[in-house]
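Shown here: entry_1.txt, compact mmCIF, N, CA, C and O atoms.
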# COMPACT_ATOMS: atom_id res chain seq x y z
N MET A 1 143.15 24.45 126.79
CA MET A 1 142.66 24.64 125.44
C MET A 1 143.78 25.17 124.56
O MET A 1 144.68 25.84 125.03
N THR A 2 143.66 24.88 123.30
CA THR A 2 144.70 25.26 122.35
C THR A 2 144.25 26.45 121.50
O THR A 2 143.08 26.85 121.53
N VAL A 3 145.19 27.00 120.75
CA VAL A 3 144.91 28.14 119.86
C VAL A 3 143.80 27.77 118.88
O VAL A 3 142.86 28.55 118.67
N GLU A 4 143.88 26.59 118.31
CA GLU A 4 142.88 26.17 117.32
C GLU A 4 141.48 26.14 117.92
O GLU A 4 140.51 26.58 117.30
N ARG A 5 141.37 25.64 119.13
CA ARG A 5 140.05 25.56 119.77
C ARG A 5 139.50 26.95 120.08
O ARG A 5 138.30 27.21 119.93
N TYR A 6 140.38 27.86 120.54
CA TYR A 6 139.93 29.23 120.79
C TYR A 6 139.45 29.89 119.50
O TYR A 6 138.44 30.61 119.49
N ILE A 7 140.17 29.66 118.41
CA ILE A 7 139.77 30.23 117.11
C ILE A 7 138.39 29.71 116.71
O ILE A 7 137.52 30.46 116.27
N ARG A 8 138.18 28.41 116.86
CA ARG A 8 136.87 27.83 116.52
C ARG A 8 135.76 28.39 117.40
O ARG A 8 134.66 28.68 116.92
N LEU A 9 136.03 28.53 118.69
CA LEU A 9 135.03 29.10 119.59
C LEU A 9 134.68 30.54 119.22
O LEU A 9 133.51 30.92 119.20
N MET A 10 135.70 31.34 118.94
CA MET A 10 135.46 32.73 118.57
C MET A 10 134.67 32.83 117.27
O MET A 10 133.72 33.61 117.17
N ALA A 11 135.05 32.04 116.27
CA ALA A 11 134.35 32.09 114.98
C ALA A 11 132.90 31.66 115.14
O ALA A 11 131.99 32.32 114.62
N GLY A 12 132.67 30.59 115.86
CA GLY A 12 131.30 30.12 116.08
C GLY A 12 130.46 31.13 116.83
O GLY A 12 129.29 31.38 116.48
N PHE A 13 131.05 31.74 117.86
CA PHE A 13 130.33 32.75 118.63
C PHE A 13 129.96 33.94 117.75
O PHE A 13 128.82 34.42 117.80
N PHE A 14 130.91 34.43 116.96
CA PHE A 14 130.63 35.60 116.12
C PHE A 14 129.60 35.29 115.04
O PHE A 14 128.78 36.16 114.71
N VAL A 15 129.61 34.10 114.49
CA VAL A 15 128.60 33.73 113.49
C VAL A 15 127.22 33.70 114.13
O VAL A 15 126.26 34.27 113.60
N LEU A 16 127.10 33.05 115.29
CA LEU A 16 125.80 32.97 115.96
C LEU A 16 125.30 34.35 116.40
O LEU A 16 124.12 34.67 116.25
N LEU A 17 126.21 35.17 116.92
CA LEU A 17 125.83 36.52 117.35
C LEU A 17 125.36 37.36 116.17
O LEU A 17 124.32 38.03 116.24
N SER A 18 126.11 37.33 115.07
CA SER A 18 125.72 38.15 113.91
C SER A 18 124.43 37.65 113.28
O SER A 18 123.63 38.45 112.78
N LEU A 19 124.19 36.34 113.33
CA LEU A 19 122.90 35.83 112.82
C LEU A 19 121.76 36.28 113.72
O LEU A 19 120.69 36.68 113.23
N ALA A 20 121.97 36.23 115.03
CA ALA A 20 120.92 36.67 115.96
C ALA A 20 120.59 38.14 115.76
O ALA A 20 119.43 38.55 115.85
N LEU A 21 121.60 38.95 115.48
CA LEU A 21 121.38 40.39 115.31
C LEU A 21 120.93 40.77 113.90
O LEU A 21 120.42 41.86 113.70
N GLY A 22 121.10 39.85 112.93
CA GLY A 22 120.81 40.20 111.54
C GLY A 22 119.58 39.56 110.93
O GLY A 22 119.11 40.00 109.88
N VAL A 23 119.02 38.53 111.56
CA VAL A 23 117.85 37.85 111.00
C VAL A 23 116.59 38.50 111.57
O VAL A 23 116.45 38.63 112.79
N GLU A 24 115.68 38.88 110.70
CA GLU A 24 114.51 39.66 111.13
C GLU A 24 113.59 38.94 112.10
O GLU A 24 112.92 39.57 112.89
N GLY A 25 113.55 37.63 112.11
CA GLY A 25 112.69 36.91 113.03
C GLY A 25 113.26 36.78 114.43
O GLY A 25 112.59 36.31 115.35
N SER A 26 114.49 37.21 114.61
CA SER A 26 115.16 37.09 115.91
C SER A 26 114.61 38.11 116.90
O SER A 26 114.34 39.25 116.53
N PRO A 27 114.49 37.73 118.19
CA PRO A 27 114.02 38.70 119.19
C PRO A 27 115.02 39.82 119.47
O PRO A 27 114.66 40.83 120.05
N VAL A 28 116.28 39.65 119.06
CA VAL A 28 117.29 40.69 119.28
C VAL A 28 117.74 41.32 117.95
O VAL A 28 118.83 41.84 117.85
N PHE A 29 116.86 41.27 116.96
CA PHE A 29 117.17 41.83 115.63
C PHE A 29 117.53 43.31 115.73
O PHE A 29 116.86 44.09 116.40
N VAL A 30 118.60 43.70 115.04
CA VAL A 30 119.02 45.09 114.99
C VAL A 30 118.98 45.60 113.56
O VAL A 30 118.31 46.57 113.25
N SER A 31 119.72 44.90 112.67
CA SER A 31 119.81 45.34 111.28
C SER A 31 120.24 44.15 110.42
O SER A 31 121.06 43.34 110.85
N PRO A 32 119.73 44.08 109.19
CA PRO A 32 120.18 43.00 108.32
C PRO A 32 121.65 43.13 107.92
O PRO A 32 122.25 42.20 107.43
N TRP A 33 122.24 44.29 108.16
CA TRP A 33 123.66 44.48 107.84
C TRP A 33 124.57 43.63 108.72
O TRP A 33 125.74 43.45 108.40
N PHE A 34 124.08 43.10 109.83
CA PHE A 34 124.89 42.22 110.65
C PHE A 34 125.20 40.91 109.91
O PHE A 34 126.14 40.20 110.26
N LEU A 35 124.41 40.59 108.90
CA LEU A 35 124.69 39.39 108.10
C LEU A 35 125.98 39.55 107.30
O LEU A 35 126.62 38.55 106.96
N ALA A 36 126.38 40.78 107.03
CA ALA A 36 127.67 41.01 106.37
C ALA A 36 128.81 40.55 107.26
O ALA A 36 129.83 40.07 106.77
N PHE A 37 128.65 40.67 108.57
CA PHE A 37 129.68 40.21 109.49
C PHE A 37 129.78 38.68 109.46
O PHE A 37 130.87 38.12 109.55
N THR A 38 128.65 38.01 109.28
CA THR A 38 128.66 36.55 109.12
C THR A 38 129.49 36.17 107.90
O THR A 38 130.31 35.25 107.95
N ALA A 39 129.28 36.88 106.80
CA ALA A 39 130.05 36.62 105.58
C ALA A 39 131.53 36.92 105.79
O ALA A 39 132.40 36.18 105.31
N PHE A 40 131.85 37.98 106.53
CA PHE A 40 133.23 38.33 106.83
C PHE A 40 133.93 37.22 107.61
O PHE A 40 135.06 36.84 107.29
N VAL A 41 133.26 36.67 108.61
CA VAL A 41 133.84 35.58 109.39
C VAL A 41 134.06 34.36 108.51
O VAL A 41 135.11 33.71 108.56
N GLY A 42 133.09 34.04 107.67
CA GLY A 42 133.22 32.91 106.76
C GLY A 42 134.37 33.08 105.78
O GLY A 42 135.15 32.15 105.54
N LEU A 43 134.53 34.28 105.24
CA LEU A 43 135.64 34.54 104.32
C LEU A 43 136.98 34.45 105.04
O LEU A 43 137.96 33.94 104.48
N ASN A 44 137.05 34.92 106.27
CA ASN A 44 138.29 34.81 107.03
C ASN A 44 138.65 33.36 107.32
O ASN A 44 139.81 32.97 107.24
N LEU A 45 137.65 32.53 107.65
CA LEU A 45 137.91 31.11 107.87
C LEU A 45 138.39 30.45 106.58
O LEU A 45 139.30 29.61 106.60
N PHE A 46 137.79 30.83 105.47
CA PHE A 46 138.18 30.28 104.18
C PHE A 46 139.62 30.63 103.83
O PHE A 46 140.42 29.77 103.49
N GLN A 47 139.98 31.92 103.93
CA GLN A 47 141.34 32.33 103.60
C GLN A 47 142.34 31.75 104.58
O GLN A 47 143.46 31.45 104.20
N SER A 48 141.96 31.59 105.83
CA SER A 48 142.85 30.99 106.81
C SER A 48 143.15 29.53 106.47
O SER A 48 144.26 29.05 106.65
N GLY A 49 142.14 28.84 105.98
CA GLY A 49 142.34 27.45 105.58
C GLY A 49 143.27 27.31 104.38
O GLY A 49 144.01 26.34 104.27
N ILE A 50 143.24 28.28 103.49
CA ILE A 50 144.09 28.24 102.30
C ILE A 50 145.50 28.74 102.59
O ILE A 50 146.49 28.13 102.20
N THR A 51 145.60 29.88 103.30
CA THR A 51 146.91 30.52 103.48
C THR A 51 147.59 30.20 104.80
O THR A 51 148.76 30.50 104.98
N ASN A 52 146.86 29.61 105.74
CA ASN A 52 147.37 29.31 107.09
C ASN A 52 147.78 30.60 107.82
O ASN A 52 148.63 30.58 108.69
N PHE A 53 147.16 31.74 107.48
CA PHE A 53 147.41 33.02 108.13
C PHE A 53 146.15 33.41 108.91
O PHE A 53 145.08 33.57 108.33
N CYS A 54 146.28 33.53 110.22
CA CYS A 54 145.15 33.87 111.07
C CYS A 54 145.62 34.83 112.15
O CYS A 54 146.27 34.42 113.11
N PRO A 55 145.32 36.14 112.01
CA PRO A 55 145.79 37.12 112.98
C PRO A 55 145.45 36.82 114.44
O PRO A 55 146.29 37.02 115.31
N PRO A 56 144.24 36.32 114.76
CA PRO A 56 143.98 36.02 116.18
C PRO A 56 144.92 34.96 116.76
O PRO A 56 145.20 34.97 117.95
N SER A 57 145.43 34.07 115.91
CA SER A 57 146.33 33.04 116.43
C SER A 57 147.63 33.65 116.93
O SER A 57 148.20 33.19 117.93
N PHE A 58 148.11 34.71 116.26
CA PHE A 58 149.32 35.38 116.73
C PHE A 58 149.08 36.01 118.09
O PHE A 58 149.91 35.93 118.99
N LEU A 59 147.93 36.65 118.26
CA LEU A 59 147.59 37.28 119.53
C LEU A 59 147.46 36.24 120.64
O LEU A 59 147.98 36.43 121.74
N LEU A 60 146.79 35.14 120.35
CA LEU A 60 146.61 34.10 121.36
C LEU A 60 147.96 33.49 121.77
O LEU A 60 148.18 33.20 122.95
N ARG A 61 148.86 33.29 120.80
CA ARG A 61 150.19 32.76 121.14
C ARG A 61 150.96 33.72 122.03
O ARG A 61 151.64 33.32 122.96
N LYS A 62 150.85 35.02 121.75
CA LYS A 62 151.53 36.02 122.58
C LYS A 62 150.96 36.05 123.99
O LYS A 62 151.65 36.40 124.93
N LEU A 63 149.68 35.69 124.12
CA LEU A 63 149.06 35.63 125.44
C LEU A 63 149.39 34.33 126.18
O LEU A 63 148.94 34.14 127.30
N GLY A 64 150.13 33.45 125.53
CA GLY A 64 150.58 32.23 126.19
C GLY A 64 149.72 31.01 126.00
O GLY A 64 149.89 30.01 126.69
N VAL A 65 148.78 31.06 125.07
CA VAL A 65 147.94 29.89 124.80
C VAL A 65 148.78 28.86 124.05
O VAL A 65 149.44 29.20 123.07
N PRO A 66 148.78 27.60 124.50
CA PRO A 66 149.60 26.59 123.82
C PRO A 66 149.08 26.27 122.43
O PRO A 66 147.89 26.31 122.17
N GLU A 67 150.03 25.96 121.54
CA GLU A 67 149.69 25.63 120.15
C GLU A 67 148.90 24.33 120.08
O GLU A 67 147.84 24.28 119.52
N GLY A 68 149.43 23.27 120.63
CA GLY A 68 148.69 21.99 120.69
C GLY A 68 148.50 21.36 119.34
O GLY A 68 148.81 21.91 118.30
N GLY A 69 147.89 20.17 119.37
CA GLY A 69 147.61 19.42 118.15
C GLY A 69 146.19 19.67 117.69
O GLY A 69 145.49 20.53 118.20
N ALA A 70 145.77 18.88 116.73
CA ALA A 70 144.41 18.99 116.20
C ALA A 70 143.41 18.58 117.27
O ALA A 70 143.60 17.58 117.96
N SER A 71 142.35 19.32 117.39
CA SER A 71 141.37 19.04 118.44
C SER A 71 140.40 17.93 118.04
O SER A 71 139.65 17.45 118.86
N CYS A 72 140.39 17.52 116.78
CA CYS A 72 139.47 16.48 116.32
C CYS A 72 140.13 15.11 116.23
O CYS A 72 139.56 14.18 115.70
N SER A 73 141.34 14.98 116.74
CA SER A 73 142.08 13.73 116.54
C SER A 73 141.91 12.74 117.69
O SER A 73 142.73 11.89 117.90
N ARG A 74 140.83 12.82 118.45
CA ARG A 74 140.63 11.92 119.58
C ARG A 74 140.04 10.62 119.15
O ARG A 74 139.33 10.30 118.42

In structure tokens, what does this structure look like?
Amino acid sequence: MTVERYIRLMAGFFVLLSLALGVEGSPVFVSPWFLAFTAFVGLNLFQSGITNFCPPSFLLRKLGVPEGGASCSR
């Protein structure tokens, strides 16, 4: 797997987790404030798309994850 795929997996996981914890109809509801984390992830994805700056990508590269090409180019 490449850095880009790990970033997508992490973002998707955090969005789903924060929705599960923040939506009142969810069986694991904790607080509606978890929806702020969903917005935070979305804003980070947005700024990353514009500026090409993504802190987790630096960490993943240091851990030896290959850069690779676009994962949607098959």

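Pairwise distance (atom N of Arg61 of chain A, atom O of Asn44 of chain A) equals 16.3 Å.
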
Extract, using only C-alpha atoms, all DNA, RNA and protein residues at most 9 Å from Leu19 of chain A, discarding same-chain residues fewer than 2 positions from it, and format them as a PDB file with N, CA, C and O atoms, keeping the file's coordinate frame.
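File part_9.pdb, as written:
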ATOM      1  N   PHE A  14     130.910  34.430 116.960  1.00  0.00           N
ATOM      2  CA  PHE A  14     130.630  35.600 116.120  1.00  0.00           C
ATOM      3  C   PHE A  14     129.600  35.290 115.040  1.00  0.00           C
ATOM      4  O   PHE A  14     128.780  36.160 114.710  1.00  0.00           O
ATOM      5  N   VAL A  15     129.610  34.100 114.490  1.00  0.00           N
ATOM      6  CA  VAL A  15     128.600  33.730 113.490  1.00  0.00           C
ATOM      7  C   VAL A  15     127.220  33.700 114.130  1.00  0.00           C
ATOM      8  O   VAL A  15     126.260  34.270 113.600  1.00  0.00           O
ATOM      9  N   LEU A  16     127.100  33.050 115.290  1.00  0.00           N
ATOM     10  CA  LEU A  16     125.800  32.970 115.960  1.00  0.00           C
ATOM     11  C   LEU A  16     125.300  34.350 116.400  1.00  0.00           C
ATOM     12  O   LEU A  16     124.120  34.670 116.250  1.00  0.00           O
ATOM     13  N   LEU A  17     126.210  35.170 116.920  1.00  0.00           N
ATOM     14  CA  LEU A  17     125.830  36.520 117.350  1.00  0.00           C
ATOM     15  C   LEU A  17     125.360  37.360 116.170  1.00  0.00           C
ATOM     16  O   LEU A  17     124.320  38.030 116.240  1.00  0.00           O
ATOM     17  N   LEU A  21     121.600  38.950 115.480  1.00  0.00           N
ATOM     18  CA  LEU A  21     121.380  40.390 115.310  1.00  0.00           C
ATOM     19  C   LEU A  21     120.930  40.770 113.900  1.00  0.00           C
ATOM     20  O   LEU A  21     120.420  41.860 113.700  1.00  0.00           O
ATOM     21  N   GLY A  22     121.100  39.850 112.930  1.00  0.00           N
ATOM     22  CA  GLY A  22     120.810  40.200 111.540  1.00  0.00           C
ATOM     23  C   GLY A  22     119.580  39.560 110.930  1.00  0.00           C
ATOM     24  O   GLY A  22     119.110  40.000 109.880  1.00  0.00           O
ATOM     25  N   VAL A  23     119.020  38.530 111.560  1.00  0.00           N
ATOM     26  CA  VAL A  23     117.850  37.850 111.000  1.00  0.00           C
ATOM     27  C   VAL A  23     116.590  38.500 111.570  1.00  0.00           C
ATOM     28  O   VAL A  23     116.450  38.630 112.790  1.00  0.00           O
ATOM     29  N   SER A  26     114.490  37.210 114.610  1.00  0.00           N
ATOM     30  CA  SER A  26     115.160  37.090 115.910  1.00  0.00           C
ATOM     31  C   SER A  26     114.610  38.110 116.900  1.00  0.00           C
ATOM     32  O   SER A  26     114.340  39.250 116.530  1.00  0.00           O
ATOM     33  N   PHE A  29     116.860  41.270 116.960  1.00  0.00           N
ATOM     34  CA  PHE A  29     117.170  41.830 115.630  1.00  0.00           C
ATOM     35  C   PHE A  29     117.530  43.310 115.730  1.00  0.00           C
ATOM     36  O   PHE A  29     116.860  44.090 116.400  1.00  0.00           O
ATOM     37  N   PRO A  32     119.730  44.080 109.190  1.00  0.00           N
ATOM     38  CA  PRO A  32     120.180  43.000 108.320  1.00  0.00           C
ATOM     39  C   PRO A  32     121.650  43.130 107.920  1.00  0.00           C
ATOM     40  O   PRO A  32     122.250  42.200 107.430  1.00  0.00           O
ATOM     41  N   PHE A  34     124.080  43.100 109.830  1.00  0.00           N
ATOM     42  CA  PHE A  34     124.890  42.220 110.650  1.00  0.00           C
ATOM     43  C   PHE A  34     125.200  40.910 109.910  1.00  0.00           C
ATOM     44  O   PHE A  34     126.140  40.200 110.260  1.00  0.00           O
ATOM     45  N   LEU A  35     124.410  40.590 108.900  1.00  0.00           N
ATOM     46  CA  LEU A  35     124.690  39.390 108.100  1.00  0.00           C
ATOM     47  C   LEU A  35     125.980  39.550 107.300  1.00  0.00           C
ATOM     48  O   LEU A  35     126.620  38.550 106.960  1.00  0.00           O
ATOM     49  N   PHE A  37     128.650  40.670 108.570  1.00  0.00           N
ATOM     50  CA  PHE A  37     129.680  40.210 109.490  1.00  0.00           C
ATOM     51  C   PHE A  37     129.780  38.680 109.460  1.00  0.00           C
ATOM     52  O   PHE A  37     130.870  38.120 109.550  1.00  0.00           O
ATOM     53  N   THR A  38     128.650  38.010 109.280  1.00  0.00           N
ATOM     54  CA  THR A  38     128.660  36.550 109.120  1.00  0.00           C
ATOM     55  C   THR A  38     129.490  36.170 107.900  1.00  0.00           C
ATOM     56  O   THR A  38     130.310  35.250 107.950  1.00  0.00           O
TER      57      THR A  38
END

Tell me, which residues of chain A carry DSSP helix (DSSP H, G or I), written as JSON, numbers by chain? {"A": [3, 4, 5, 6, 7, 8, 9, 10, 11, 12, 13, 14, 15, 16, 17, 18, 19, 20, 21, 22, 34, 35, 36, 37, 38, 39, 40, 41, 42, 43, 44, 45, 46, 47, 48, 49, 50, 51, 55, 56, 57, 58, 59, 60, 61, 62]}

For Val3 of chain A, the nearest of the candidates A:Gln47, A:Ser31, A:Asn52, A:Ser57, counting all atoms listed in the file: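 Closest residue, counting all atoms listed in the file: A:Ser57.
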
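Across the model, the gap from atom O of Trp33 of chain A to atom O of Gly12 of chain A is 15.0 Å.
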
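Distance annotation: of A:Val28, A:Ile50, A:Ala36, A:Val41, the residue with the minimal separation from Ala11 of chain A is A:Val41; atom set is all atoms listed in the file.
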
Return the single residue from A:Gly25, A:Gly64, A:Gly42, A:Pro56 that is closest to Tyr6 of chain A, with distances computed using only N, CA, C and O atoms. A:Pro56

Using only C-alpha atoms, which of A:Pro27, A:Gly68, A:Glu4, A:Phe13 sits nearest Gly49 of chain A?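 Smallest distance to Gly49 of chain A is found for A:Glu4.
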